[in-house]
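Some notes on the structure that comes next.
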Amino acid sequence: MTQRTLRLNADAAGLETAAQLLRDGALVAFPTETVYGLGGDATNGLAVAGIYAAKGRPSFNPLISHVPDLAAARLHGVFEPLAELLAERFWPGPLTLVVPAVVGPVVSDLATAGLPTIALRVPGSDIARALLQRVGRPVVAPSANLSGHVSPTSAAHVLADLDGRIDAVIDGGPTLVGVESTVVAVAGGVATLLRPGGVTRAMLEAVLGGALAEASEAGQADPGRPASPGMLASHYAPNARVRLQAEVVHAGEGLLTFGGARPAGCENAALTVDLSENGDLAEAAANLFGALRRLDAAAVVAIAVVPLPEADLGEAINDRLRRAAAPR
Ligand code: TXA
Ligand code: MG
């Protein structure tokens, strides 16, 4: 693929260069409020194929099309009243809506993996929306990491995985949310949670006035083609083995802790990282992927993780940790 990856600033000149590259079919990583995405023109099949190749991603995973606002989203997806309600309440922000694709789609079949639905998102990051505005086309963007690896929350993380494999990266500093968007499918008046993320279950259910449907009901009709790679067990994985619900730390392990918890044997830890000393789940989410990368860089024999609360952003954090710990 490419030889050199351009480093761009998140200013007008950098965004203009990035937009031009994207319109020309190049691959540009950019910050969103959740994680850095690896962007490509969603209407250009070659660019989309390049994303799969750069990431080494299984081709059955459909991608999210990013657009600058709801009006742009309506050009590509059919928004029934429930989808309109969620979009109006949570966009711009860390929510992805899976809705029926409009007939005569301009988005490449490769981006939707041939599904009759499309995933759309209006990111909360001003940099991302300014970029999308300039591109004037939907931009697909999976997290800008090698497939299955830890998601990037800084430009340095992107380059650690993809330097030389992509055309450019916009450096917009660390991301604020730190875990990916929540993915919700809307059809026939039912909202189904496909992936927990930056918008919590409680926030969604407050707007819906009732419970979300669960992915297992809608998502496992065809096990060969998951409704969401949420269904792929190993994901978000550091190189070191991850051990969850740790109540004791063994010699040489790294410790990933929360709220100042100090499990037995913690003095044996090669490195201890606290996701949030104050026990703040939003701070923990923002720190999660960077913490896994730091522990990996310390070459620990395994990463012991203390139990984390399941409430609010804890659901998304625990989801990512379970996948990081899954058999490879
Ligand atoms: O926060 C995020 O969502 C980041 C940033 C860069 O925007 N992007 C991201 O993309 O996490 P990715 O490709 O890693 O995740 C896409 C998710 C997957 O769970 C995928 O299965 C789901 O969206 N998805 C996409 N299209 C779908 C569809 N038509 N039906 C069901 N799920 C879909
Ligand atoms: Mg990803």
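Following the order of the structure tokens, chains are lettered A, B, ..., residues in each are numbered from 1, and ligands are numbered from 1.
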If you run DSSP on the backbone, which residues of region 97-227 of chain A are helix (DSSP H, G or I), as a ChimeraX atom specification? /A:109-112,126-135,155-162,201-208,215-219
Same residues, N, CA, C and O atoms, output as a compact mmCIF listing (two decimals), in the first residue's frame:
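So the final result, stored in result27.txt, reads:
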# COMPACT_ATOMS: atom_id res chain seq x y z
N ASP A 109 -21.43 -1.57 -1.69
CA ASP A 109 -21.87 -2.82 -1.09
C ASP A 109 -20.83 -3.37 -0.12
O ASP A 109 -21.17 -4.07 0.84
N LEU A 110 -19.58 -3.07 -0.38
CA LEU A 110 -18.52 -3.55 0.50
C LEU A 110 -18.63 -2.93 1.88
O LEU A 110 -18.28 -3.54 2.88
N ALA A 111 -19.12 -1.68 1.94
CA ALA A 111 -19.23 -0.99 3.22
C ALA A 111 -20.36 -1.58 4.06
O ALA A 111 -20.26 -1.67 5.28
N THR A 112 -21.45 -1.97 3.40
CA THR A 112 -22.59 -2.53 4.14
C THR A 112 -22.51 -4.05 4.19
O THR A 112 -23.41 -4.70 4.72
N ASP A 126 -16.07 17.94 16.85
CA ASP A 126 -16.12 19.05 15.89
C ASP A 126 -15.16 18.82 14.73
O ASP A 126 -15.45 19.16 13.59
N ILE A 127 -13.99 18.26 15.04
CA ILE A 127 -13.00 18.00 13.99
C ILE A 127 -13.57 17.02 12.98
O ILE A 127 -13.50 17.23 11.76
N ALA A 128 -14.18 15.95 13.49
CA ALA A 128 -14.73 14.94 12.59
C ALA A 128 -15.85 15.53 11.72
O ALA A 128 -15.88 15.31 10.50
N ARG A 129 -16.74 16.31 12.33
CA ARG A 129 -17.85 16.87 11.54
C ARG A 129 -17.35 17.89 10.52
O ARG A 129 -17.85 17.95 9.40
N ALA A 130 -16.34 18.68 10.90
CA ALA A 130 -15.78 19.64 9.94
C ALA A 130 -15.16 18.90 8.75
O ALA A 130 -15.30 19.32 7.59
N LEU A 131 -14.51 17.79 9.03
CA LEU A 131 -13.92 16.98 7.95
C LEU A 131 -15.03 16.43 7.04
O LEU A 131 -14.95 16.53 5.81
N LEU A 132 -16.06 15.85 7.66
CA LEU A 132 -17.15 15.23 6.88
C LEU A 132 -17.86 16.26 6.01
O LEU A 132 -18.22 15.99 4.86
N GLN A 133 -18.03 17.46 6.56
CA GLN A 133 -18.63 18.55 5.81
C GLN A 133 -17.82 18.84 4.55
O GLN A 133 -18.36 19.02 3.46
N ARG A 134 -16.50 18.86 4.70
CA ARG A 134 -15.64 19.17 3.56
C ARG A 134 -15.61 18.06 2.53
O ARG A 134 -15.48 18.31 1.33
N VAL A 135 -15.69 16.80 3.00
CA VAL A 135 -15.64 15.68 2.05
C VAL A 135 -16.91 15.66 1.20
O VAL A 135 -16.86 15.40 -0.01
N ALA A 155 -3.42 9.77 18.11
CA ALA A 155 -2.77 9.61 16.81
C ALA A 155 -1.56 8.68 16.94
O ALA A 155 -1.26 7.91 16.02
N ALA A 156 -0.88 8.73 18.08
CA ALA A 156 0.28 7.84 18.28
C ALA A 156 -0.15 6.37 18.26
O ALA A 156 0.55 5.51 17.71
N HIS A 157 -1.32 6.07 18.86
CA HIS A 157 -1.83 4.69 18.81
C HIS A 157 -2.09 4.26 17.37
O HIS A 157 -1.81 3.11 16.99
N VAL A 158 -2.66 5.18 16.57
CA VAL A 158 -2.95 4.85 15.17
C VAL A 158 -1.65 4.49 14.46
O VAL A 158 -1.56 3.46 13.77
N LEU A 159 -0.62 5.33 14.65
CA LEU A 159 0.63 5.12 13.95
C LEU A 159 1.33 3.84 14.43
O LEU A 159 1.99 3.15 13.64
N ALA A 160 1.16 3.51 15.70
CA ALA A 160 1.78 2.28 16.21
C ALA A 160 1.28 1.07 15.43
O ALA A 160 2.02 0.11 15.21
N ASP A 161 0.02 1.09 15.00
CA ASP A 161 -0.54 -0.05 14.26
C ASP A 161 -0.43 0.12 12.74
O ASP A 161 -0.24 -0.87 12.03
N LEU A 162 -0.59 1.34 12.24
CA LEU A 162 -0.88 1.50 10.81
C LEU A 162 0.11 2.40 10.06
O LEU A 162 -0.10 2.68 8.88
N ARG A 201 -27.05 2.35 28.18
CA ARG A 201 -28.37 1.73 28.14
C ARG A 201 -29.39 2.61 28.86
O ARG A 201 -30.50 2.84 28.35
N ALA A 202 -29.01 3.14 30.02
CA ALA A 202 -29.95 3.94 30.80
C ALA A 202 -30.36 5.20 30.03
O ALA A 202 -31.54 5.59 30.06
N MET A 203 -29.41 5.83 29.33
CA MET A 203 -29.74 7.03 28.55
C MET A 203 -30.71 6.68 27.43
O MET A 203 -31.67 7.42 27.17
N LEU A 204 -30.48 5.55 26.76
CA LEU A 204 -31.36 5.15 25.67
C LEU A 204 -32.75 4.78 26.19
O LEU A 204 -33.77 5.20 25.63
N GLU A 205 -32.77 4.02 27.26
CA GLU A 205 -34.07 3.55 27.77
C GLU A 205 -34.89 4.70 28.33
O GLU A 205 -36.12 4.68 28.27
N ALA A 206 -34.23 5.75 28.83
CA ALA A 206 -34.96 6.92 29.32
C ALA A 206 -35.71 7.58 28.15
O ALA A 206 -36.84 8.04 28.30
N VAL A 207 -35.08 7.61 26.98
CA VAL A 207 -35.71 8.23 25.81
C VAL A 207 -36.77 7.30 25.21
O VAL A 207 -37.83 7.74 24.79
N LEU A 208 -36.48 6.00 25.20
CA LEU A 208 -37.42 5.03 24.62
C LEU A 208 -38.64 4.83 25.51
O LEU A 208 -39.69 4.41 25.04
N ALA A 215 -29.50 -8.12 21.31
CA ALA A 215 -28.99 -8.54 20.00
C ALA A 215 -29.26 -10.00 19.70
O ALA A 215 -29.47 -10.36 18.56
N SER A 216 -29.27 -10.85 20.73
CA SER A 216 -29.46 -12.28 20.47
C SER A 216 -30.80 -12.54 19.79
O SER A 216 -30.93 -13.48 19.02
N GLU A 217 -31.78 -11.69 20.04
CA GLU A 217 -33.10 -11.88 19.42
C GLU A 217 -33.06 -11.55 17.93
O GLU A 217 -33.74 -12.18 17.14
N ALA A 218 -32.24 -10.56 17.58
CA ALA A 218 -32.26 -10.09 16.18
C ALA A 218 -31.01 -10.51 15.43
O ALA A 218 -31.00 -10.53 14.21
N GLY A 219 -29.96 -10.88 16.16
CA GLY A 219 -28.66 -10.91 15.52
C GLY A 219 -28.07 -12.25 15.19
O GLY A 219 -27.02 -12.30 14.58
Could you build a table of the residues in region 97-168 of chain A lying no more than 6 Å from region 31-44 of chain A, giving for each the nearest pair of atoms and their separation in Å rounded to one decimal place, using only C-alpha atoms, ordered by chain and ascending residue number, as a Markdown table?
| residue | atom | partner | partner_atom | distance |
| --- | --- | --- | --- | --- |
| A:Val106 | CA | A:Thr43 | CA | 5.6 |
| A:Val107 | CA | A:Thr43 | CA | 4.4 |
| A:Ser108 | CA | A:Thr43 | CA | 5.0 |
| A:Gly124 | CA | A:Glu33 | CA | 5.7 |
| A:Ser125 | CA | A:Glu33 | CA | 4.9 |
| A:Ala128 | CA | A:Thr32 | CA | 5.6 |
| A:Pro138 | CA | A:Ala42 | CA | 5.5 |
| A:Val139 | CA | A:Asp41 | CA | 4.8 |
| A:Val140 | CA | A:Ala42 | CA | 5.2 |
| A:Ala141 | CA | A:Gly39 | CA | 4.4 |
| A:Pro142 | CA | A:Gly37 | CA | 5.3 |
| A:Ser143 | CA | A:Gly37 | CA | 4.4 |
| A:Ala144 | CA | A:Leu38 | CA | 4.5 |
| A:Pro152 | CA | A:Tyr36 | CA | 5.6 |
| A:Thr153 | CA | A:Val35 | CA | 4.9 |
With C-alpha atoms retained, export the selected residues as a compact mmCIF listing (two decimals), in the first residue's frame.
# COMPACT_ATOMS: atom_id res chain seq x y z
CA VAL A 106 -24.53 5.32 -3.29
CA VAL A 107 -22.67 3.62 -0.45
CA SER A 108 -20.55 0.72 -1.70
CA GLY A 124 -19.75 14.38 18.38
CA SER A 125 -16.25 15.60 17.55
CA ALA A 128 -14.73 14.94 12.59
CA PRO A 138 -20.29 9.56 3.63
CA VAL A 139 -17.03 8.31 5.11
CA VAL A 140 -16.73 4.77 6.44
CA ALA A 141 -14.49 4.50 9.46
CA PRO A 142 -13.81 1.45 11.58
CA SER A 143 -11.47 1.99 14.50
CA ALA A 144 -7.98 2.76 13.14
CA PRO A 152 -6.74 3.81 19.20
CA THR A 153 -7.51 6.84 21.35
Could you name the residues that touch Glu277 (chain A) at 9 Å or less, counting only C-alpha atoms, but leaving out those on the same chain fewer than 6 positions away, as a PyMOL selection string? chain A and resi 257-261+284
Show me which residues sit within 8 Å of ligand 1 when counting only C-alpha atoms and all ligand atoms, and put them as number ranges by chain. A: 30-38, 61-64, 66, 94-96, 98-99, 111-113, 115-121, 123, 141-144, 179-183, 185, 194-195, 197-198, 226-230
Now that the selection is made, can you save its residues with N, CA and C atoms as a compact mmCIF listing (two decimals), in the first residue's frame?
# COMPACT_ATOMS: atom_id res chain seq x y z
N PHE A 30 -8.77 9.70 11.41
CA PHE A 30 -9.18 10.97 12.02
C PHE A 30 -9.79 10.73 13.39
N PRO A 31 -9.72 11.77 14.26
CA PRO A 31 -10.29 11.59 15.60
C PRO A 31 -11.80 11.73 15.58
N THR A 32 -12.50 10.90 16.35
CA THR A 32 -13.89 11.16 16.69
C THR A 32 -13.90 11.31 18.22
N GLU A 33 -15.05 11.55 18.81
CA GLU A 33 -15.11 11.65 20.27
C GLU A 33 -14.94 10.30 20.95
N THR A 34 -15.09 9.19 20.17
CA THR A 34 -14.98 7.86 20.79
C THR A 34 -13.56 7.33 20.66
N VAL A 35 -13.18 6.97 19.43
CA VAL A 35 -11.84 6.48 19.13
C VAL A 35 -11.45 7.06 17.77
N TYR A 36 -10.19 6.89 17.38
CA TYR A 36 -9.78 7.32 16.03
C TYR A 36 -10.36 6.33 15.01
N GLY A 37 -10.89 6.86 13.91
CA GLY A 37 -11.43 6.02 12.85
C GLY A 37 -10.48 6.02 11.65
N LEU A 38 -10.50 4.91 10.90
CA LEU A 38 -9.75 4.85 9.64
C LEU A 38 -10.73 5.14 8.51
N ASN A 61 -17.47 -8.00 8.06
CA ASN A 61 -17.86 -6.97 9.02
C ASN A 61 -18.32 -5.70 8.31
N PRO A 62 -19.60 -5.33 8.44
CA PRO A 62 -20.04 -4.08 7.81
C PRO A 62 -19.50 -2.88 8.57
N LEU A 63 -19.36 -1.76 7.87
CA LEU A 63 -18.74 -0.56 8.44
C LEU A 63 -19.79 0.53 8.70
N ILE A 64 -19.43 1.47 9.55
CA ILE A 64 -20.30 2.61 9.85
C ILE A 64 -20.01 3.74 8.85
N HIS A 66 -20.09 7.60 8.27
CA HIS A 66 -20.12 8.82 9.08
C HIS A 66 -20.56 9.99 8.22
N PRO A 94 -22.03 9.70 20.47
CA PRO A 94 -21.52 8.33 20.30
C PRO A 94 -22.61 7.27 20.14
N LEU A 95 -23.51 7.50 19.17
CA LEU A 95 -24.57 6.53 18.87
C LEU A 95 -24.54 6.24 17.37
N THR A 96 -24.55 4.94 17.02
CA THR A 96 -24.68 4.52 15.62
C THR A 96 -26.04 3.89 15.44
N VAL A 98 -28.50 1.64 13.03
CA VAL A 98 -28.60 0.72 11.90
C VAL A 98 -30.05 0.76 11.43
N VAL A 99 -30.24 1.25 10.21
CA VAL A 99 -31.59 1.45 9.65
C VAL A 99 -31.63 0.86 8.24
N ALA A 111 -19.12 -1.68 1.94
CA ALA A 111 -19.23 -0.99 3.22
C ALA A 111 -20.36 -1.58 4.06
N THR A 112 -21.45 -1.97 3.40
CA THR A 112 -22.59 -2.53 4.14
C THR A 112 -22.51 -4.05 4.19
N ALA A 113 -21.46 -4.62 3.59
CA ALA A 113 -21.30 -6.07 3.52
C ALA A 113 -22.52 -6.71 2.86
N LEU A 115 -25.59 -6.05 3.16
CA LEU A 115 -26.81 -6.10 3.98
C LEU A 115 -27.83 -5.08 3.44
N PRO A 116 -29.12 -5.31 3.70
CA PRO A 116 -30.13 -4.33 3.27
C PRO A 116 -30.22 -3.15 4.23
N THR A 117 -29.40 -3.15 5.26
CA THR A 117 -29.39 -2.07 6.25
C THR A 117 -28.08 -1.29 6.15
N ILE A 118 -28.06 -0.10 6.79
CA ILE A 118 -26.83 0.70 6.81
C ILE A 118 -26.65 1.26 8.22
N ALA A 119 -25.40 1.29 8.66
CA ALA A 119 -25.06 1.89 9.96
C ALA A 119 -24.63 3.33 9.73
N LEU A 120 -25.27 4.27 10.41
CA LEU A 120 -24.99 5.70 10.21
C LEU A 120 -24.68 6.35 11.55
N ARG A 121 -23.75 7.31 11.50
CA ARG A 121 -23.38 7.99 12.74
C ARG A 121 -22.96 9.42 12.43
N PRO A 123 -20.76 11.97 14.28
CA PRO A 123 -19.87 12.00 15.44
C PRO A 123 -19.96 13.31 16.22
N ALA A 141 -15.63 4.43 8.55
CA ALA A 141 -14.49 4.50 9.46
C ALA A 141 -14.63 3.49 10.59
N PRO A 142 -13.98 2.33 10.43
CA PRO A 142 -13.81 1.45 11.58
C PRO A 142 -12.71 2.03 12.45
N SER A 143 -12.55 1.50 13.65
CA SER A 143 -11.47 1.99 14.50
C SER A 143 -10.13 1.77 13.78
N ALA A 144 -9.21 2.74 13.93
CA ALA A 144 -7.98 2.76 13.14
C ALA A 144 -6.88 1.93 13.80
N VAL A 179 -14.38 4.75 24.39
CA VAL A 179 -14.92 3.49 23.87
C VAL A 179 -15.81 3.84 22.68
N GLU A 180 -16.02 2.86 21.78
CA GLU A 180 -16.75 3.10 20.56
C GLU A 180 -18.21 3.47 20.82
N SER A 181 -18.84 3.91 19.72
CA SER A 181 -20.25 4.28 19.80
C SER A 181 -21.12 3.07 20.14
N THR A 182 -22.24 3.35 20.75
CA THR A 182 -23.28 2.35 20.96
C THR A 182 -23.95 2.09 19.61
N VAL A 183 -24.14 0.81 19.27
CA VAL A 183 -24.81 0.49 17.99
C VAL A 183 -26.21 -0.02 18.29
N ALA A 185 -29.93 -1.00 16.36
CA ALA A 185 -30.70 -1.22 15.13
C ALA A 185 -32.15 -0.82 15.39
N LEU A 194 -27.05 -3.59 19.62
CA LEU A 194 -26.09 -4.50 18.97
C LEU A 194 -24.72 -4.43 19.61
N ARG A 195 -24.38 -3.25 20.17
CA ARG A 195 -23.08 -3.11 20.82
C ARG A 195 -23.19 -2.02 21.88
N GLY A 197 -21.87 0.99 24.19
CA GLY A 197 -20.84 1.99 23.89
C GLY A 197 -21.08 3.28 24.63
N GLY A 198 -20.65 4.37 24.01
CA GLY A 198 -20.59 5.66 24.69
C GLY A 198 -21.93 6.23 25.15
N PRO A 226 -22.43 -12.44 11.37
CA PRO A 226 -22.97 -11.82 12.58
C PRO A 226 -23.66 -10.50 12.29
N ALA A 227 -24.71 -10.19 13.06
CA ALA A 227 -25.41 -8.92 12.89
C ALA A 227 -24.51 -7.78 13.33
N SER A 228 -23.56 -8.08 14.19
CA SER A 228 -22.61 -7.08 14.65
C SER A 228 -21.35 -7.84 15.05
N PRO A 229 -20.15 -7.32 14.74
CA PRO A 229 -18.97 -8.08 15.13
C PRO A 229 -18.83 -8.10 16.60
N GLY A 230 -19.72 -7.38 17.23
CA GLY A 230 -19.97 -7.62 18.61
C GLY A 230 -19.97 -9.12 18.87
For the atom pair CA of Arg7 (chain A) and CA of Pro58 (chain A), what is the interatomic distance in Å to one decimal place?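 We find that CA of Arg7 (chain A) and CA of Pro58 (chain A) lie 27.2 Å from each other.
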Test item: residues at most 9 Å from Ala54 (chain A), only C-alpha atoms, excluding those fewer than 4 positions along its chain, as a PyMOL selection string: chain A and resi 1+27+49-50+145-147+162+165-166
So that I have them on file, write out the residues from the current selection with N, CA, C and O atoms, as a tab-separated table (two decimals), in the first residue's frame.
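Result file follows (part-v4.tsv):
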chain	number	residue	atom	x	y	z
A	1	MET	N	0.84	-1.19	0.00
A	1	MET	CA	0.00	0.00	0.00
A	1	MET	C	0.88	1.24	0.00
A	1	MET	O	1.82	1.34	-0.76
A	27	LEU	N	-6.80	6.73	2.22
A	27	LEU	CA	-7.24	6.33	3.57
A	27	LEU	C	-6.66	7.30	4.59
A	27	LEU	O	-5.44	7.48	4.66
A	49	ALA	N	-12.30	-1.28	0.12
A	49	ALA	CA	-11.48	-2.50	0.10
A	49	ALA	C	-10.11	-2.23	0.73
A	49	ALA	O	-9.56	-3.08	1.44
A	50	GLY	N	-9.58	-1.04	0.49
A	50	GLY	CA	-8.30	-0.66	1.06
A	50	GLY	C	-8.33	-0.63	2.59
A	50	GLY	O	-7.34	-0.97	3.24
A	145	ASN	N	-7.14	0.63	13.91
A	145	ASN	CA	-6.18	-0.30	14.48
A	145	ASN	C	-6.15	-1.55	13.61
A	145	ASN	O	-7.04	-1.76	12.79
A	146	LEU	N	-5.13	-2.38	13.78
A	146	LEU	CA	-5.14	-3.68	13.12
A	146	LEU	C	-6.32	-4.47	13.65
A	146	LEU	O	-6.69	-4.36	14.83
A	147	SER	N	-6.95	-5.25	12.80
A	147	SER	CA	-8.16	-5.99	13.17
A	147	SER	C	-7.92	-6.83	14.42
A	147	SER	O	-6.92	-7.53	14.53
A	162	LEU	N	-0.59	1.34	12.24
A	162	LEU	CA	-0.88	1.50	10.81
A	162	LEU	C	0.11	2.40	10.06
A	162	LEU	O	-0.10	2.68	8.88
A	165	ARG	N	0.87	2.01	6.35
A	165	ARG	CA	-0.22	1.24	5.73
A	165	ARG	C	-1.37	2.14	5.31
A	165	ARG	O	-2.28	1.69	4.62
A	166	ILE	N	-1.38	3.40	5.77
A	166	ILE	CA	-2.46	4.34	5.44
A	166	ILE	C	-1.84	5.66	4.96
A	166	ILE	O	-0.65	5.90	5.16
Which residues are close to region 74-84 of chain A, i.e. within 7 Å by only C-alpha atoms, leaving aside same-chain residues fewer than 5 positions away? Reply as an MDAnalysis selection string. chainID A and resid 99:102 105 118 186 189
Given the choices A:Gly178, A:Gly279, A:Gly164, A:Pro327, which gets closest to ligand 2 if the distance is worked out from only C-alpha atoms and all ligand atoms? A:Gly178
Based on DSSP run over this structure's backbone, return all residues of region 61-267 of chain A in strand (DSSP E or B), as a PyMOL selection string. chain A and resi 64-66+77+95-101+117-121+139-140+143+149+168-171+182-187+190-195+213-214+237+241-243+248+254-257+264
Write a file of the just-selected residues containing N, CA and C atoms, as a compact mmCIF listing (two decimals), in the first residue's frame.
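As written to disk, out_6.txt reads:
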# COMPACT_ATOMS: atom_id res chain seq x y z
N ILE A 64 -19.43 1.47 9.55
CA ILE A 64 -20.30 2.61 9.85
C ILE A 64 -20.01 3.74 8.85
N SER A 65 -21.08 4.30 8.24
CA SER A 65 -20.93 5.49 7.40
C SER A 65 -21.11 6.72 8.29
N HIS A 66 -20.09 7.60 8.27
CA HIS A 66 -20.12 8.82 9.08
C HIS A 66 -20.56 9.99 8.22
N GLY A 77 -30.20 6.43 4.67
CA GLY A 77 -30.96 5.50 5.49
C GLY A 77 -32.40 5.96 5.63
N LEU A 95 -23.51 7.50 19.17
CA LEU A 95 -24.57 6.53 18.87
C LEU A 95 -24.54 6.24 17.37
N THR A 96 -24.55 4.94 17.02
CA THR A 96 -24.68 4.52 15.62
C THR A 96 -26.04 3.89 15.44
N LEU A 97 -26.77 4.31 14.42
CA LEU A 97 -28.10 3.76 14.14
C LEU A 97 -28.02 2.88 12.90
N VAL A 98 -28.50 1.64 13.03
CA VAL A 98 -28.60 0.72 11.90
C VAL A 98 -30.05 0.76 11.43
N VAL A 99 -30.24 1.25 10.21
CA VAL A 99 -31.59 1.45 9.65
C VAL A 99 -31.63 0.86 8.24
N PRO A 100 -32.84 0.68 7.67
CA PRO A 100 -32.89 0.19 6.28
C PRO A 100 -32.15 1.16 5.35
N ALA A 101 -31.39 0.61 4.41
CA ALA A 101 -30.67 1.46 3.45
C ALA A 101 -31.65 1.97 2.41
N THR A 117 -29.40 -3.15 5.26
CA THR A 117 -29.39 -2.07 6.25
C THR A 117 -28.08 -1.29 6.15
N ILE A 118 -28.06 -0.10 6.79
CA ILE A 118 -26.83 0.70 6.81
C ILE A 118 -26.65 1.26 8.22
N ALA A 119 -25.40 1.29 8.66
CA ALA A 119 -25.06 1.89 9.96
C ALA A 119 -24.63 3.33 9.73
N LEU A 120 -25.27 4.27 10.41
CA LEU A 120 -24.99 5.70 10.21
C LEU A 120 -24.68 6.35 11.55
N ARG A 121 -23.75 7.31 11.50
CA ARG A 121 -23.38 7.99 12.74
C ARG A 121 -22.96 9.42 12.43
N VAL A 139 -18.37 8.87 4.89
CA VAL A 139 -17.03 8.31 5.11
C VAL A 139 -17.15 7.10 6.04
N VAL A 140 -16.75 5.93 5.54
CA VAL A 140 -16.73 4.77 6.44
C VAL A 140 -15.49 4.83 7.31
N SER A 143 -12.55 1.50 13.65
CA SER A 143 -11.47 1.99 14.50
C SER A 143 -10.13 1.77 13.78
N HIS A 149 -7.15 -5.85 17.34
CA HIS A 149 -6.25 -5.23 18.33
C HIS A 149 -6.99 -4.13 19.09
N ALA A 168 -2.71 9.01 5.62
CA ALA A 168 -2.55 10.16 6.52
C ALA A 168 -3.29 9.92 7.83
N VAL A 169 -2.90 10.69 8.86
CA VAL A 169 -3.63 10.71 10.12
C VAL A 169 -3.73 12.16 10.57
N ILE A 170 -4.93 12.55 11.00
CA ILE A 170 -5.14 13.88 11.57
C ILE A 170 -4.94 13.75 13.08
N ASP A 171 -4.03 14.54 13.63
CA ASP A 171 -3.79 14.49 15.08
C ASP A 171 -4.69 15.50 15.78
N THR A 182 -22.24 3.35 20.75
CA THR A 182 -23.28 2.35 20.96
C THR A 182 -23.95 2.09 19.61
N VAL A 183 -24.14 0.81 19.27
CA VAL A 183 -24.81 0.49 17.99
C VAL A 183 -26.21 -0.02 18.29
N VAL A 184 -27.21 0.66 17.73
CA VAL A 184 -28.61 0.32 17.93
C VAL A 184 -29.28 0.14 16.57
N ALA A 185 -29.93 -1.00 16.36
CA ALA A 185 -30.70 -1.22 15.13
C ALA A 185 -32.15 -0.82 15.39
N VAL A 186 -32.73 -0.10 14.44
CA VAL A 186 -34.13 0.31 14.58
C VAL A 186 -34.92 -0.24 13.40
N ALA A 187 -35.98 -1.01 13.72
CA ALA A 187 -36.85 -1.55 12.67
C ALA A 187 -38.21 -1.86 13.27
N VAL A 190 -38.99 -1.14 16.91
CA VAL A 190 -38.20 -1.80 17.95
C VAL A 190 -36.74 -1.35 17.85
N ALA A 191 -36.15 -0.99 18.98
CA ALA A 191 -34.73 -0.63 19.03
C ALA A 191 -33.96 -1.77 19.68
N THR A 192 -32.94 -2.29 18.97
CA THR A 192 -32.17 -3.43 19.46
C THR A 192 -30.72 -3.01 19.70
N LEU A 193 -30.22 -3.33 20.88
CA LEU A 193 -28.82 -3.00 21.21
C LEU A 193 -27.89 -4.03 20.57
N LEU A 194 -27.05 -3.59 19.62
CA LEU A 194 -26.09 -4.50 18.97
C LEU A 194 -24.72 -4.43 19.61
N ARG A 195 -24.38 -3.25 20.17
CA ARG A 195 -23.08 -3.11 20.82
C ARG A 195 -23.19 -2.02 21.88
N ALA A 213 -34.35 -3.98 23.07
CA ALA A 213 -34.30 -5.40 22.73
C ALA A 213 -32.84 -5.83 22.69
N GLU A 214 -32.58 -7.13 22.93
CA GLU A 214 -31.19 -7.61 22.96
C GLU A 214 -30.79 -8.21 21.63
N ALA A 237 -8.02 -6.76 21.58
CA ALA A 237 -7.11 -7.55 22.40
C ALA A 237 -5.69 -6.99 22.41
N ARG A 241 -2.07 -11.79 27.63
CA ARG A 241 -3.31 -12.44 28.02
C ARG A 241 -4.01 -11.57 29.07
N VAL A 242 -5.33 -11.53 29.02
CA VAL A 242 -6.10 -10.71 29.96
C VAL A 242 -6.89 -11.64 30.90
N ARG A 243 -6.77 -11.39 32.21
CA ARG A 243 -7.43 -12.23 33.22
C ARG A 243 -8.41 -11.36 33.99
N VAL A 248 -6.52 -11.70 43.01
CA VAL A 248 -5.13 -11.81 43.45
C VAL A 248 -4.25 -11.53 42.23
N GLY A 254 0.70 -7.50 35.03
CA GLY A 254 0.31 -6.10 35.14
C GLY A 254 -1.06 -6.05 35.80
N LEU A 255 -1.33 -4.98 36.53
CA LEU A 255 -2.63 -4.86 37.20
C LEU A 255 -3.40 -3.69 36.60
N LEU A 256 -4.61 -3.99 36.14
CA LEU A 256 -5.52 -2.95 35.68
C LEU A 256 -6.59 -2.82 36.75
N THR A 257 -6.58 -1.68 37.46
CA THR A 257 -7.48 -1.54 38.59
C THR A 257 -8.40 -0.34 38.40
N ALA A 264 -5.23 -8.57 46.61
CA ALA A 264 -4.13 -9.27 47.26
C ALA A 264 -2.99 -9.48 46.28
Report the distance between CA of Gly290 (chain A) and CA of Glu267 (chain A) in Å, rounded to one decimal place.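 Rounded to one decimal, the two atoms are 22.1 Å apart.
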